[in-house]
Amino acid sequence: MTNDGGWFDRFVDSLPERGWFKFLSTYVVVPYWVWRDPKPKLPGGPRASAQPSENVQRMMNLIMPLKDSSPIGRAKAALAIAQNVDEIFAGLDNVGTVHTARFLLLDDYICMISVYDGDFSNYIRDFIATIGSVFDEVVSLVEGGDDLIPTTHNVERFIDWVHAHDLFQAPDFPTDLFGLQDTASGRSPDSPPHELRSLPRELILQLNANPNISLGGGYRAYPGFSAAQVRGKFGVGW
Amino acid sequence: MEDPGIAERLVDSLVRPDGSPKKRPVHTIGIGATGSFLASHVARDYCISKHFQGTETPVTVRFSNGSGSAVQHDGWSDVRGMATRFHLDDGTATDLIAMTLPEFFTPTPETFLDFALAAKPAKFSRESPWRKILDMLKLTPPMRDPYPGETVRPDEGAMRFADRNGYAQLAVFQAAAIGAPASYDRASYHAVHTFVITAPDGTRRWVRFTWQPIAGVLDTNPNAPPEDVYLQDKLRERLALAPARFSLMMSIGEIGDAFDDPTRPWPPHRVRVMMGTLTLDTVVKDQEADCERLSFNPGLLTDGIEPSGDLVLRARKDVYEISSKRRGAVPCPFSRSQANDE
Amino acid sequence: MNTEFDSNDLQGNILRGYRRDLVRYLILEVDNPAAARRFLAAAVAGNNDAVPAITREKSWTRKPGFCFNIGLTYEGLRALGTPSDCLATFPTEFVQGMTHRAIKLGDFGTSAPANWAPPFNHPERVHVVASVYANDTPQLDQVQDQVARAFNVLGVRNGYNLEDDKVYFGYVDNISQPRFNRIDDPDQAKVDEPIDPLGTILLGYPTRFEDVLFRVPSPAELGHNGTFNAFRILAQDVAGFERYLDTAADALLRHPDVDQLLAPGEEDRIGAGLDRHGALREIVAAQMCGRWRNGVSYEASPDAAVVPDPRAPKFRTNFDYDRTSRCPAGSHMRRVNPRGGPIVQRIANYTRRLVRRGMSYGPRDVDPRKPENDDQEWGLLGNFIGANLGAQFEAVMCDWLNLGLQDPNITGSNDPLFGANSPESSWFDLTLRNGGTIRLRGFPRFVTTRGGAYLFLPSLPAIRYLSELNG
């Protein structure tokens with residue numbers, strides 16, 4: 001955009017792109033605000049919702065730090081998944097509420113990404129009951145996972161642990177962040193309303209508390225339908 | 001309406017110093033085009049209205065800049081409008097009024113009056129460099145620099161209003177960064193309010209409509225100097241080459257959704273129905289007679305579509321009529337079903 | 001795992017109902033922990049005339065005058081001085097409490113905790129819910145006076161059994177319950193549903209999920225043989241329900257397929273002396289519930305409520321659902337207990353069983369069906385008991401009772417009787433003889449939550465443990 005505010009104004013407008021200013025922002029300004037206005041980490045996974053369409057095709061983005069992220073450690077992880085294909089398919093088909101699921105090795109993490117229907121803890125609990133042994137193998141590769149084995153005897157703790165490692169899903173409407181932060185801090189949401197221009201700062205501070213997040217609740221071609229509804233309509237049984 | 005004067009006062013409140021009494025008080029600069037709407041093969045399962053039955057319905061569309069300024073500034077960041085009139089085969093018509101902002105500023109006519117007064121375009125000055133540095137240190141974005149020649153704007157007043165009234169925050173936040181489309185047919189337009197549609201089996205559904213450009217959404221580069229005049233030429237140019245097409249998408253509301261509150265958009269996970277395709281092929285020849293003097297009205301509905309309990313939607317019907325009368329436009333041809341619900 | 005089982009260690013309200021005429025719930029705050037602990041010590045010992053004894057699970061030779069039991073919230077355990085490392089072993093949903101789980105339970109809008117009746121609108125003060133069952137009010141008053149000496153009584157809720165085990169929508173209730181391994185319950189002698197493992201209802205035993213054990217809070221003395229209870233105060237809109245049945249019957253009379261719902265001339269099989277409108281009302285009521293109002297299962301008798309012996313097990317408990325069932329998949333009964341019928345989550349059949357104990361409340365001398373009495377409230381004081389609130393009560397509420405995930409034909413709809421409905425979005429499919437359906441729409445929410453709490457029901461040794469805490 002043209003600027004007729006004079007050289008100083010043009011200089012100020014260019015500050016966000018200047019290396020020293022970026023350095024200042026990263027190492028002084030943001031830490032100052034983090035100190036002054038710390039944000040609690042926001043919980044992972046989709047939020048409880050009244051609407052049926054919010055309760056199908058929900059996303060899980062489970063990011064678990066590998067104990068051993070060397071090529072050997074990664075190979076162990078790859079093998080653990082490869083050796084359990086039958087277990088996984090039997091679970092998938094009989095729990096009946098999963099649209100897609102996949103495992104990724106990404107930097108120092110093993111990730112389990114899925115789209116499922118219904119309540120998160122029911123989904124995990126039903127899977128523990130069917131493929132608890134696979135979960136045991138996966139969490140044995142993960143930092144902090146040993147305490148969860150066997151998962152069939154640690155159902156409650158495993159569900160809480162998964163929930164804690166599931167990525168926070170940023171709200172679909174940006175200004176809803178205020179209310180989520182209020183709730184997490186034990187305040188009543190948006191009363192009094194926040195200063196609207198503080199939203200970018202609140203986002204920056206939240207990304208400090210939750211560096212890895214899901215950007216919104218995802219985009220769907222046929223929202224509002226469960227896996228069983230899709231299977232039913234295609235005539236492949238559920 | 002409970003307060004008979006509110007519609008008049010709303011129209012008054014919208015008038016801005018650089019507007020024109022002969023023109024619309026908002027969405028002042030616009031251009032008309034014609035074409036047809038063809039319902040999808042599932043639309044009739046959801047709605048009994050004539051234009052959803054599968055035969056081509058002629059349409060007139062008016063694209064507009066949201067500003068009430070009578071001076072054209074196409075390249076400035078602004079909400080754009082798309083008013084569509086479906087000319088039904090029995091000689092009646094129904095309108096669908098949409099805009100690029102996915103939600104409205106306030107939940108009621110009374111609060112909208114407060115908003116319109118608070119956000120009345122006012123003189124403002126460029127934020128000083130020192131102030132900008134302070135903003136950057138507070139991790140808040142500086143206010144936008146004025147465009148060349150821009151002396152009044154609603155931004156500061158709207159922002160102050162939103163700081164006091166949480167319901168206005170989403171619309172004010174999104175409007176502030178909405179930018180300018182590369183062409184009128186390269187933007188999505190949202191009808192914002194909830195309507196109640198009736199299916200052949202009598203089922204009533206609470207729904208919201210959105211036009212999506214089939215060519216895709218494309219904005220101008222916000223960092224490039226804005227052009228004042230290009231949108232109307234662009235539309236003429238593009239329609240001369242090929243028709244512009246829009247999909248009409250309809251979301252179905254669910255329990256707990258804001259049926260009556262246009263400040264709350266519905267999350268993008270609702271069941272979404274493809275209701276039909278709009279094809280625009282001709283720019284209206286006599287813009288003054290065949291577009292500018294038309295009176296579009298969000299309350300002009302037809303059998304099979306009713307307004308929800310949304311108070312703003314209900315008030316807009318009167319506001320548009322009053323505004324149309326004041327500028328001496330062709331009165332809105334209210335259909336039979338509308339006359340009944342007076 | 002300790003699988004030794006001494007029923008004498010259990011509170012008596014878990015495995016069976018007391019079948020008394022009256023109940024009183026005392027909603028209590030621990031304002032003097034020492035006094036509360038002294039009370040608990042005496043209540044376990046049962047040796048103090050000034051303190052009601054906890055009723056145990058054992059068959060008595062002489063019926064006691066009253067039955068007395070307690071459940072504690074997380075805040076209550078804390079108020080009594082439970083150490084924080086023990087508190088940390090309780091499950092998250094119990095720690096958070098019912099109000100924090102509101103949306104999952106369908107408690108939004110008019111049912112939202114912010115709209116709950118006192119004292120439940122201040123959940124942090126609800127520490128103990130004590131229940132007193134008796135056949136006369138002076139007994140209840142006497143126990144209440146004794147309790148009030150040790151606790152701050154925040155609120156009192158009185159309930160009673162309606163005649164014939166009915167609830168306020170007019171259905172016979174309290175029919176289908178889980179029955180348990182190693183528990184002899186004469187009421188269920190002829191029931192042919194699968195026997196549930198003790199881990200369904202008690203902490204510390206194998207569960208219906210193969211190999212899965214629910215965590216027993218520690219120390220074992222505190223957790224073992226305990227269980228959890230979702231205590232709910234559910235207001236029933238009796239007049240609204242009857243009004244909707246009228247509306248639905250009016251619409252059905254005009255429906256082209258109505259004869260598939262009720263063959264002409266068969267009105268008498270639905271109820272003696274009913275006209276067509278009246279019979280259609282009853283069919284809608286029966287399909288919504290899954291039972292005729294006289295308790296006969298719709299699945300067992302889809303074309304007639306009038307059967308020779310409505311109390312026979314084949315009409316009440318001994319049936320199953322399949323793909324050709326006439327009982328709608330969306331009915332209340334099938335949602336909360338799909339039995340062995342087809343469900344999407346194939347591994348979950350029978351895993352979400354609950355024990356239900358409920359009594360009615362509301363003014364008894366006023367007709368709830370009359371619209372002029374709309375300002376009064378009637379309903380159900382319900383207890384939904386299971387070893388894991390998340391795996392049982394919540395799992396049923398959020399995926400089955402609401403949402404309807406278990407069958408793609410009902411997914412997206414909520415329970416017609418107990419669900420979170422609004423006229424704009426509600427729907428329910430009636431089944432027809434020819435396999436077709438008629439979809440009903442436009443019904444409101446008939447049941448509104450007015451209060452409730454997640455409670456831990458400790459064993460007798462656990463109550464003794466709590467009574468010996470300090471702090």
# chains A, B, ... in the order shown; residues from 1 in each chain; ligands from 1

call {"tool": "closest_atom_pairs", "arguments": {"of": "chain A", "to": "chain B", "cutoff": "8 Å", "atoms": "only C-alpha atoms", "output": "Markdown table"}}
result
| residue | atom | partner | partner_atom | distance |
| --- | --- | --- | --- | --- |
| A:Met1 | CA | B:Asn223 | CA | 4.5 |
| A:Thr2 | CA | B:Pro225 | CA | 5.6 |
| A:Asn3 | CA | B:Asp145 | CA | 7.7 |
| A:Gly5 | CA | B:Arg126 | CA | 7.8 |
| A:Phe8 | CA | B:Pro129 | CA | 6.8 |
| A:Asp9 | CA | B:Pro129 | CA | 5.0 |
| A:Val12 | CA | B:Pro129 | CA | 6.0 |
| A:Ser25 | CA | B:Leu137 | CA | 7.7 |
| A:Val29 | CA | B:Leu137 | CA | 6.2 |
| A:Val30 | CA | B:Leu139 | CA | 8.0 |
| A:Ala50 | CA | B:Gly256 | CA | 6.4 |
| A:Gln51 | CA | B:Ile255 | CA | 5.8 |
| A:Pro52 | CA | B:Glu254 | CA | 7.3 |
| A:Ser53 | CA | B:Arg270 | CA | 5.6 |
| A:Glu54 | CA | B:His269 | CA | 6.3 |
| A:Asp172 | CA | B:Pro267 | CA | 6.7 |
| A:Phe173 | CA | B:Leu170 | CA | 7.4 |
| A:Pro174 | CA | B:Leu170 | CA | 7.3 |
| A:Thr175 | CA | B:Leu170 | CA | 5.7 |
| A:Asp190 | CA | B:Gly166 | CA | 6.8 |
| A:Pro192 | CA | B:Arg164 | CA | 7.8 |
| A:Pro193 | CA | B:Gly166 | CA | 5.3 |
| A:His194 | CA | B:Asp163 | CA | 6.2 |
| A:Glu195 | CA | B:Asp163 | CA | 4.9 |
| A:Leu196 | CA | B:Asp163 | CA | 5.7 |
| A:Arg197 | CA | B:Thr140 | CA | 5.9 |
| A:Ser198 | CA | B:Thr140 | CA | 5.7 |
| A:Leu199 | CA | B:Thr140 | CA | 7.6 |
| A:Pro200 | CA | B:Thr140 | CA | 6.0 |
| A:Arg201 | CA | B:Leu139 | CA | 5.0 |
| A:Tyr219 | CA | B:Pro268 | CA | 7.4 |
| A:Arg220 | CA | B:His269 | CA | 7.1 |
| A:Tyr222 | CA | B:Val271 | CA | 7.0 |
| A:Pro223 | CA | B:His269 | CA | 5.2 |
| A:Gly224 | CA | B:Val271 | CA | 5.0 |
| A:Phe225 | CA | B:Val271 | CA | 7.9 |

call {"tool": "closest_atom_pairs", "arguments": {"of": "chain C", "to": "chain B", "cutoff": "12 Å", "atoms": "only C-alpha atoms", "output": "JSON lines"}}
result
{"residue": "C:Ile103", "atom": "CA", "partner": "B:Gly256", "partner_atom": "CA", "distance": 10.8}
{"residue": "C:Gly106", "atom": "CA", "partner": "B:Gly256", "partner_atom": "CA", "distance": 10.6}
{"residue": "C:Asp107", "atom": "CA", "partner": "B:Gly256", "partner_atom": "CA", "distance": 11.3}
{"residue": "C:Phe108", "atom": "CA", "partner": "B:Gly256", "partner_atom": "CA", "distance": 8.3}
{"residue": "C:Gly109", "atom": "CA", "partner": "B:Gly256", "partner_atom": "CA", "distance": 7.6}
{"residue": "C:Thr110", "atom": "CA", "partner": "B:Gly256", "partner_atom": "CA", "distance": 10.9}
{"residue": "C:Ala112", "atom": "CA", "partner": "B:Gly256", "partner_atom": "CA", "distance": 11.9}
{"residue": "C:Ala251", "atom": "CA", "partner": "B:Gly202", "partner_atom": "CA", "distance": 11.0}
{"residue": "C:His255", "atom": "CA", "partner": "B:Asp201", "partner_atom": "CA", "distance": 10.5}
{"residue": "C:Pro256", "atom": "CA", "partner": "B:Asp201", "partner_atom": "CA", "distance": 11.7}
{"residue": "C:Asn402", "atom": "CA", "partner": "B:Ile255", "partner_atom": "CA", "distance": 11.3}
{"residue": "C:Leu403", "atom": "CA", "partner": "B:Ile255", "partner_atom": "CA", "distance": 11.1}
{"residue": "C:Gly412", "atom": "CA", "partner": "B:Glu254", "partner_atom": "CA", "distance": 9.2}
{"residue": "C:Ser413", "atom": "CA", "partner": "B:Ile255", "partner_atom": "CA", "distance": 9.9}
{"residue": "C:Asn414", "atom": "CA", "partner": "B:Ile255", "partner_atom": "CA", "distance": 9.9}
{"residue": "C:Gly419", "atom": "CA", "partner": "B:Ile255", "partner_atom": "CA", "distance": 11.2}
{"residue": "C:Ala420", "atom": "CA", "partner": "B:Ile255", "partner_atom": "CA", "distance": 8.1}
{"residue": "C:Asn421", "atom": "CA", "partner": "B:Ile255", "partner_atom": "CA", "distance": 6.9}
{"residue": "C:Ser422", "atom": "CA", "partner": "B:Ile255", "partner_atom": "CA", "distance": 6.1}
{"residue": "C:Pro423", "atom": "CA", "partner": "B:Ile255", "partner_atom": "CA", "distance": 8.8}
{"residue": "C:Glu424", "atom": "CA", "partner": "B:Arg205", "partner_atom": "CA", "distance": 6.9}
{"residue": "C:Ser425", "atom": "CA", "partner": "B:Glu254", "partner_atom": "CA", "distance": 5.7}
{"residue": "C:Ser426", "atom": "CA", "partner": "B:Ile255", "partner_atom": "CA", "distance": 8.0}
{"residue": "C:Trp427", "atom": "CA", "partner": "B:Thr203", "partner_atom": "CA", "distance": 10.0}
{"residue": "C:Ile438", "atom": "CA", "partner": "B:Asp201", "partner_atom": "CA", "distance": 10.9}
{"residue": "C:Arg439", "atom": "CA", "partner": "B:Thr203", "partner_atom": "CA", "distance": 9.5}
{"residue": "C:Leu440", "atom": "CA", "partner": "B:Thr203", "partner_atom": "CA", "distance": 9.4}
{"residue": "C:Arg441", "atom": "CA", "partner": "B:Thr203", "partner_atom": "CA", "distance": 7.6}
{"residue": "C:Gly442", "atom": "CA", "partner": "B:Arg204", "partner_atom": "CA", "distance": 8.8}
{"residue": "C:Pro444", "atom": "CA", "partner": "B:Ile255", "partner_atom": "CA", "distance": 10.7}
{"residue": "C:Arg445", "atom": "CA", "partner": "B:Ile255", "partner_atom": "CA", "distance": 10.8}

call {"tool": "residues_around", "arguments": {"residues": "Asn210 of chain A", "least_positions_apart": "2", "cutoff": "9 Å", "atoms": "only C-alpha atoms", "output": "list in words"}}
result
Pro40, Lys41, Leu42, Leu167, Phe168, Leu205, Gln206, Leu207, Asn208, Asn212 and Ile213 of chain A

call {"tool": "closest_atom_pairs", "arguments": {"of": "chain C", "to": "chain A", "cutoff": "8 Å", "atoms": "only C-alpha atoms", "output": "Markdown table"}}
result
| residue | atom | partner | partner_atom | distance |
| --- | --- | --- | --- | --- |
| C:Pro91 | CA | A:Glu156 | CA | 6.4 |
| C:Thr92 | CA | A:Glu156 | CA | 7.7 |
| C:Ile103 | CA | A:Ala48 | CA | 6.0 |
| C:Lys104 | CA | A:Ala48 | CA | 6.1 |
| C:Gly106 | CA | A:Ala50 | CA | 6.8 |
| C:Phe108 | CA | A:Ala50 | CA | 7.6 |
| C:Phe209 | CA | A:Ala129 | CA | 6.1 |
| C:Glu210 | CA | A:Ala129 | CA | 6.6 |
| C:Asp211 | CA | A:Thr152 | CA | 6.2 |
| C:Val212 | CA | A:Thr152 | CA | 4.6 |
| C:Leu213 | CA | A:His153 | CA | 5.0 |
| C:Phe214 | CA | A:Val155 | CA | 6.7 |
| C:Arg215 | CA | A:Asn154 | CA | 6.7 |
| C:Val344 | CA | A:Gly96 | CA | 5.3 |
| C:Gln345 | CA | A:Val95 | CA | 4.6 |
| C:Arg346 | CA | A:Asn94 | CA | 5.4 |
| C:Ile347 | CA | A:Asn94 | CA | 6.0 |
| C:Ala348 | CA | A:Asp126 | CA | 7.1 |
| C:Gly390 | CA | A:Ser121 | CA | 7.5 |
| C:Ala391 | CA | A:Asn122 | CA | 6.8 |
| C:Ala395 | CA | A:Asn122 | CA | 6.3 |
| C:Cys398 | CA | A:Asp119 | CA | 6.8 |
| C:Asp399 | CA | A:Gly118 | CA | 5.8 |
| C:Leu403 | CA | A:Pro52 | CA | 5.6 |
| C:Leu405 | CA | A:Gly118 | CA | 6.8 |
| C:Asp407 | CA | A:Ala228 | CA | 7.6 |
| C:Pro408 | CA | A:Gln229 | CA | 4.7 |
| C:Asn409 | CA | A:Gln229 | CA | 7.4 |
| C:Thr411 | CA | A:Ser226 | CA | 7.4 |
| C:Gly412 | CA | A:Pro52 | CA | 5.1 |
| C:Ser413 | CA | A:Pro52 | CA | 7.5 |

call {"tool": "write_last_selection", "arguments": {"atoms": "N, CA and C atoms", "output": "PDB file, in the first residue's frame"}}
result
ATOM      1  N   PRO C  91     -11.428 -41.021  38.865  1.00  0.00           N
ATOM      2  CA  PRO C  91     -11.487 -40.728  37.429  1.00  0.00           C
ATOM      3  C   PRO C  91     -11.861 -39.266  37.141  1.00  0.00           C
ATOM      4  N   THR C  92     -11.383 -38.789  36.002  1.00  0.00           N
ATOM      5  CA  THR C  92     -11.517 -37.375  35.646  1.00  0.00           C
ATOM      6  C   THR C  92     -12.961 -36.887  35.679  1.00  0.00           C
ATOM      7  N   ILE C 103     -22.450 -30.512  28.648  1.00  0.00           N
ATOM      8  CA  ILE C 103     -22.809 -30.602  27.231  1.00  0.00           C
ATOM      9  C   ILE C 103     -22.832 -32.049  26.779  1.00  0.00           C
ATOM     10  N   LYS C 104     -21.873 -32.834  27.301  1.00  0.00           N
ATOM     11  CA  LYS C 104     -21.867 -34.258  26.979  1.00  0.00           C
ATOM     12  C   LYS C 104     -23.152 -34.956  27.404  1.00  0.00           C
ATOM     13  N   GLY C 106     -26.076 -33.551  27.522  1.00  0.00           N
ATOM     14  CA  GLY C 106     -27.270 -32.902  26.968  1.00  0.00           C
ATOM     15  C   GLY C 106     -27.828 -31.826  27.883  1.00  0.00           C
ATOM     16  N   PHE C 108     -27.851 -28.578  28.313  1.00  0.00           N
ATOM     17  CA  PHE C 108     -27.645 -27.216  27.818  1.00  0.00           C
ATOM     18  C   PHE C 108     -29.008 -26.572  27.625  1.00  0.00           C
ATOM     19  N   PHE C 209     -15.869 -55.679  29.333  1.00  0.00           N
ATOM     20  CA  PHE C 209     -14.784 -55.580  28.344  1.00  0.00           C
ATOM     21  C   PHE C 209     -13.717 -56.611  28.717  1.00  0.00           C
ATOM     22  N   GLU C 210     -13.442 -57.529  27.812  1.00  0.00           N
ATOM     23  CA  GLU C 210     -12.445 -58.549  28.109  1.00  0.00           C
ATOM     24  C   GLU C 210     -11.117 -57.895  28.504  1.00  0.00           C
ATOM     25  N   ASP C 211     -10.536 -58.337  29.578  1.00  0.00           N
ATOM     26  CA  ASP C 211      -9.224 -57.888  30.063  1.00  0.00           C
ATOM     27  C   ASP C 211      -9.215 -56.471  30.649  1.00  0.00           C
ATOM     28  N   VAL C 212     -10.287 -55.708  30.455  1.00  0.00           N
ATOM     29  CA  VAL C 212     -10.251 -54.320  30.931  1.00  0.00           C
ATOM     30  C   VAL C 212     -10.660 -54.262  32.398  1.00  0.00           C
ATOM     31  N   LEU C 213      -9.830 -53.565  33.176  1.00  0.00           N
ATOM     32  CA  LEU C 213     -10.171 -53.304  34.578  1.00  0.00           C
ATOM     33  C   LEU C 213     -10.298 -51.816  34.763  1.00  0.00           C
ATOM     34  N   PHE C 214     -11.349 -51.400  35.429  1.00  0.00           N
ATOM     35  CA  PHE C 214     -11.459 -49.991  35.750  1.00  0.00           C
ATOM     36  C   PHE C 214     -10.608 -49.709  36.987  1.00  0.00           C
ATOM     37  N   ARG C 215     -10.046 -48.523  37.027  1.00  0.00           N
ATOM     38  CA  ARG C 215      -9.137 -48.191  38.118  1.00  0.00           C
ATOM     39  C   ARG C 215      -9.892 -48.117  39.447  1.00  0.00           C
ATOM     40  N   VAL C 344     -23.608 -50.136  15.646  1.00  0.00           N
ATOM     41  CA  VAL C 344     -22.401 -49.790  14.888  1.00  0.00           C
ATOM     42  C   VAL C 344     -21.155 -50.218  15.659  1.00  0.00           C
ATOM     43  N   GLN C 345     -21.137 -49.909  16.954  1.00  0.00           N
ATOM     44  CA  GLN C 345     -19.970 -50.263  17.770  1.00  0.00           C
ATOM     45  C   GLN C 345     -20.136 -51.708  18.220  1.00  0.00           C
ATOM     46  N   ARG C 346     -19.881 -52.644  17.307  1.00  0.00           N
ATOM     47  CA  ARG C 346     -20.182 -54.053  17.575  1.00  0.00           C
ATOM     48  C   ARG C 346     -19.551 -54.559  18.856  1.00  0.00           C
ATOM     49  N   ILE C 347     -18.404 -53.978  19.210  1.00  0.00           N
ATOM     50  CA  ILE C 347     -17.726 -54.503  20.388  1.00  0.00           C
ATOM     51  C   ILE C 347     -18.408 -54.020  21.671  1.00  0.00           C
ATOM     52  N   ALA C 348     -19.371 -53.090  21.550  1.00  0.00           N
ATOM     53  CA  ALA C 348     -19.901 -52.449  22.754  1.00  0.00           C
ATOM     54  C   ALA C 348     -21.220 -53.041  23.240  1.00  0.00           C
ATOM     55  N   GLY C 390     -17.742 -42.759  33.008  1.00  0.00           N
ATOM     56  CA  GLY C 390     -17.403 -42.456  31.620  1.00  0.00           C
ATOM     57  C   GLY C 390     -17.794 -43.581  30.678  1.00  0.00           C
ATOM     58  N   ALA C 391     -17.552 -44.812  31.108  1.00  0.00           N
ATOM     59  CA  ALA C 391     -17.778 -45.958  30.226  1.00  0.00           C
ATOM     60  C   ALA C 391     -19.237 -46.376  30.190  1.00  0.00           C
ATOM     61  N   ALA C 395     -21.231 -42.654  28.422  1.00  0.00           N
ATOM     62  CA  ALA C 395     -21.160 -43.277  27.099  1.00  0.00           C
ATOM     63  C   ALA C 395     -22.558 -43.452  26.516  1.00  0.00           C
ATOM     64  N   CYS C 398     -24.023 -39.647  25.698  1.00  0.00           N
ATOM     65  CA  CYS C 398     -23.527 -38.786  24.619  1.00  0.00           C
ATOM     66  C   CYS C 398     -23.532 -39.455  23.254  1.00  0.00           C
ATOM     67  N   ASP C 399     -23.438 -40.774  23.187  1.00  0.00           N
ATOM     68  CA  ASP C 399     -23.401 -41.391  21.864  1.00  0.00           C
ATOM     69  C   ASP C 399     -24.696 -42.114  21.484  1.00  0.00           C
ATOM     70  N   LEU C 403     -27.522 -38.132  19.907  1.00  0.00           N
ATOM     71  CA  LEU C 403     -26.724 -38.416  18.709  1.00  0.00           C
ATOM     72  C   LEU C 403     -27.147 -39.685  17.972  1.00  0.00           C
ATOM     73  N   LEU C 405     -25.540 -42.694  17.587  1.00  0.00           N
ATOM     74  CA  LEU C 405     -24.448 -43.180  16.758  1.00  0.00           C
ATOM     75  C   LEU C 405     -24.542 -44.684  16.488  1.00  0.00           C
ATOM     76  N   ASP C 407     -26.810 -46.565  15.311  1.00  0.00           N
ATOM     77  CA  ASP C 407     -27.536 -47.041  14.135  1.00  0.00           C
ATOM     78  C   ASP C 407     -27.605 -45.888  13.137  1.00  0.00           C
ATOM     79  N   PRO C 408     -27.092 -46.092  11.912  1.00  0.00           N
ATOM     80  CA  PRO C 408     -27.058 -44.965  10.962  1.00  0.00           C
ATOM     81  C   PRO C 408     -28.445 -44.415  10.639  1.00  0.00           C
ATOM     82  N   ASN C 409     -29.478 -45.217  10.865  1.00  0.00           N
ATOM     83  CA  ASN C 409     -30.828 -44.714  10.562  1.00  0.00           C
ATOM     84  C   ASN C 409     -31.330 -43.720  11.603  1.00  0.00           C
ATOM     85  N   THR C 411     -28.831 -41.810  13.454  1.00  0.00           N
ATOM     86  CA  THR C 411     -27.728 -40.890  13.756  1.00  0.00           C
ATOM     87  C   THR C 411     -28.137 -39.458  13.405  1.00  0.00           C
ATOM     88  N   GLY C 412     -27.903 -38.565  14.335  1.00  0.00           N
ATOM     89  CA  GLY C 412     -28.315 -37.177  14.136  1.00  0.00           C
ATOM     90  C   GLY C 412     -29.609 -36.838  14.859  1.00  0.00           C
ATOM     91  N   SER C 413     -30.242 -37.844  15.452  1.00  0.00           N
ATOM     92  CA  SER C 413     -31.460 -37.564  16.221  1.00  0.00           C
ATOM     93  C   SER C 413     -31.224 -37.930  17.681  1.00  0.00           C
TER      94      SER C 413
END

call {"tool": "select_by_dssp", "arguments": {"residues": "segment 54-134 of chain A", "states": "helix (DSSP H, G or I)", "output": "MDAnalysis selection string"}}
result
chainID A and resid 54 71:82 85:95 120:134

call {"tool": "atom_distance", "arguments": {"atom1": "atom CA of Pro178 of chain C", "atom2": "atom CA of Arg353 of chain C"}}
result
6.6 Å

call {"tool": "residues_around", "arguments": {"residues": "Ala34 of chain C", "least_positions_apart": "3", "cutoff": "9 Å", "atoms": "only C-alpha atoms", "output": "list in words"}}
result
Arg37, Arg38, Phe39, Leu80, Ala150, Ser467, Leu469, Asn470 and Gly471 of chain C

call {"tool": "residues_around", "arguments": {"residues": "Ala184 of chain A", "least_positions_apart": "2", "cutoff": "9 Å", "atoms": "only C-alpha atoms", "output": "list in words"}}
result
Lys39, Pro40, Lys41, Leu42, Pro43, Gly179, Leu180, Gln181, Asp182, Gly186 and Arg187 of chain A

call {"tool": "residues_around", "arguments": {"residues": "Glu103 of chain B", "least_positions_apart": "2", "cutoff": "9 Å", "atoms": "only C-alpha atoms", "output": "VMD selection string"}}
result
chain B and resid 99 to 101 105 to 106 170 to 171 190 to 193 262 to 265

call {"tool": "select_by_dssp", "arguments": {"residues": "segment 110-218 of chain A", "states": "strand (DSSP E)", "output": "number ranges by chain"}}
result
A: 110-116, 168-169, 213-214

call {"tool": "closest_residue", "arguments": {"among": "B:Ala119, B:Ala33, B:Cys47, B:Leu134", "to": "Lys285 of chain B", "atoms": "only C-alpha atoms"}}
result
B:Ala33

call {"tool": "residues_around", "arguments": {"residues": "Gly145 of chain A", "least_positions_apart": "6", "cutoff": "12 Å", "atoms": "only C-alpha atoms", "output": "number ranges by chain"}}
result
A: 64-67, 135-139, 151, 154, 157-158, 161-162, 165

call {"tool": "atom_distance", "arguments": {"atom1": "atom CA of Thr449 of chain C", "atom2": "atom CA of Arg232 of chain C"}}
result
7.1 Å

call {"tool": "closest_atom_pairs", "arguments": {"of": "segment 152-213 of chain B", "to": "segment 299-310 of chain B", "cutoff": "6 Å", "atoms": "only C-alpha atoms", "output": "Markdown table"}}
result
| residue | atom | partner | partner_atom | distance |
| --- | --- | --- | --- | --- |
| B:Thr194 | CA | B:Ser308 | CA | 5.6 |
| B:Phe195 | CA | B:Pro307 | CA | 4.8 |
| B:Val196 | CA | B:Glu306 | CA | 5.0 |
| B:Ile197 | CA | B:Ile305 | CA | 4.5 |
| B:Thr198 | CA | B:Gly304 | CA | 4.9 |

call {"tool": "closest_residue", "arguments": {"among": "B:Pro109, B:Pro121, B:Gly32, B:Pro200", "to": "Gly19 of chain B", "atoms": "only C-alpha atoms"}}
result
B:Pro121
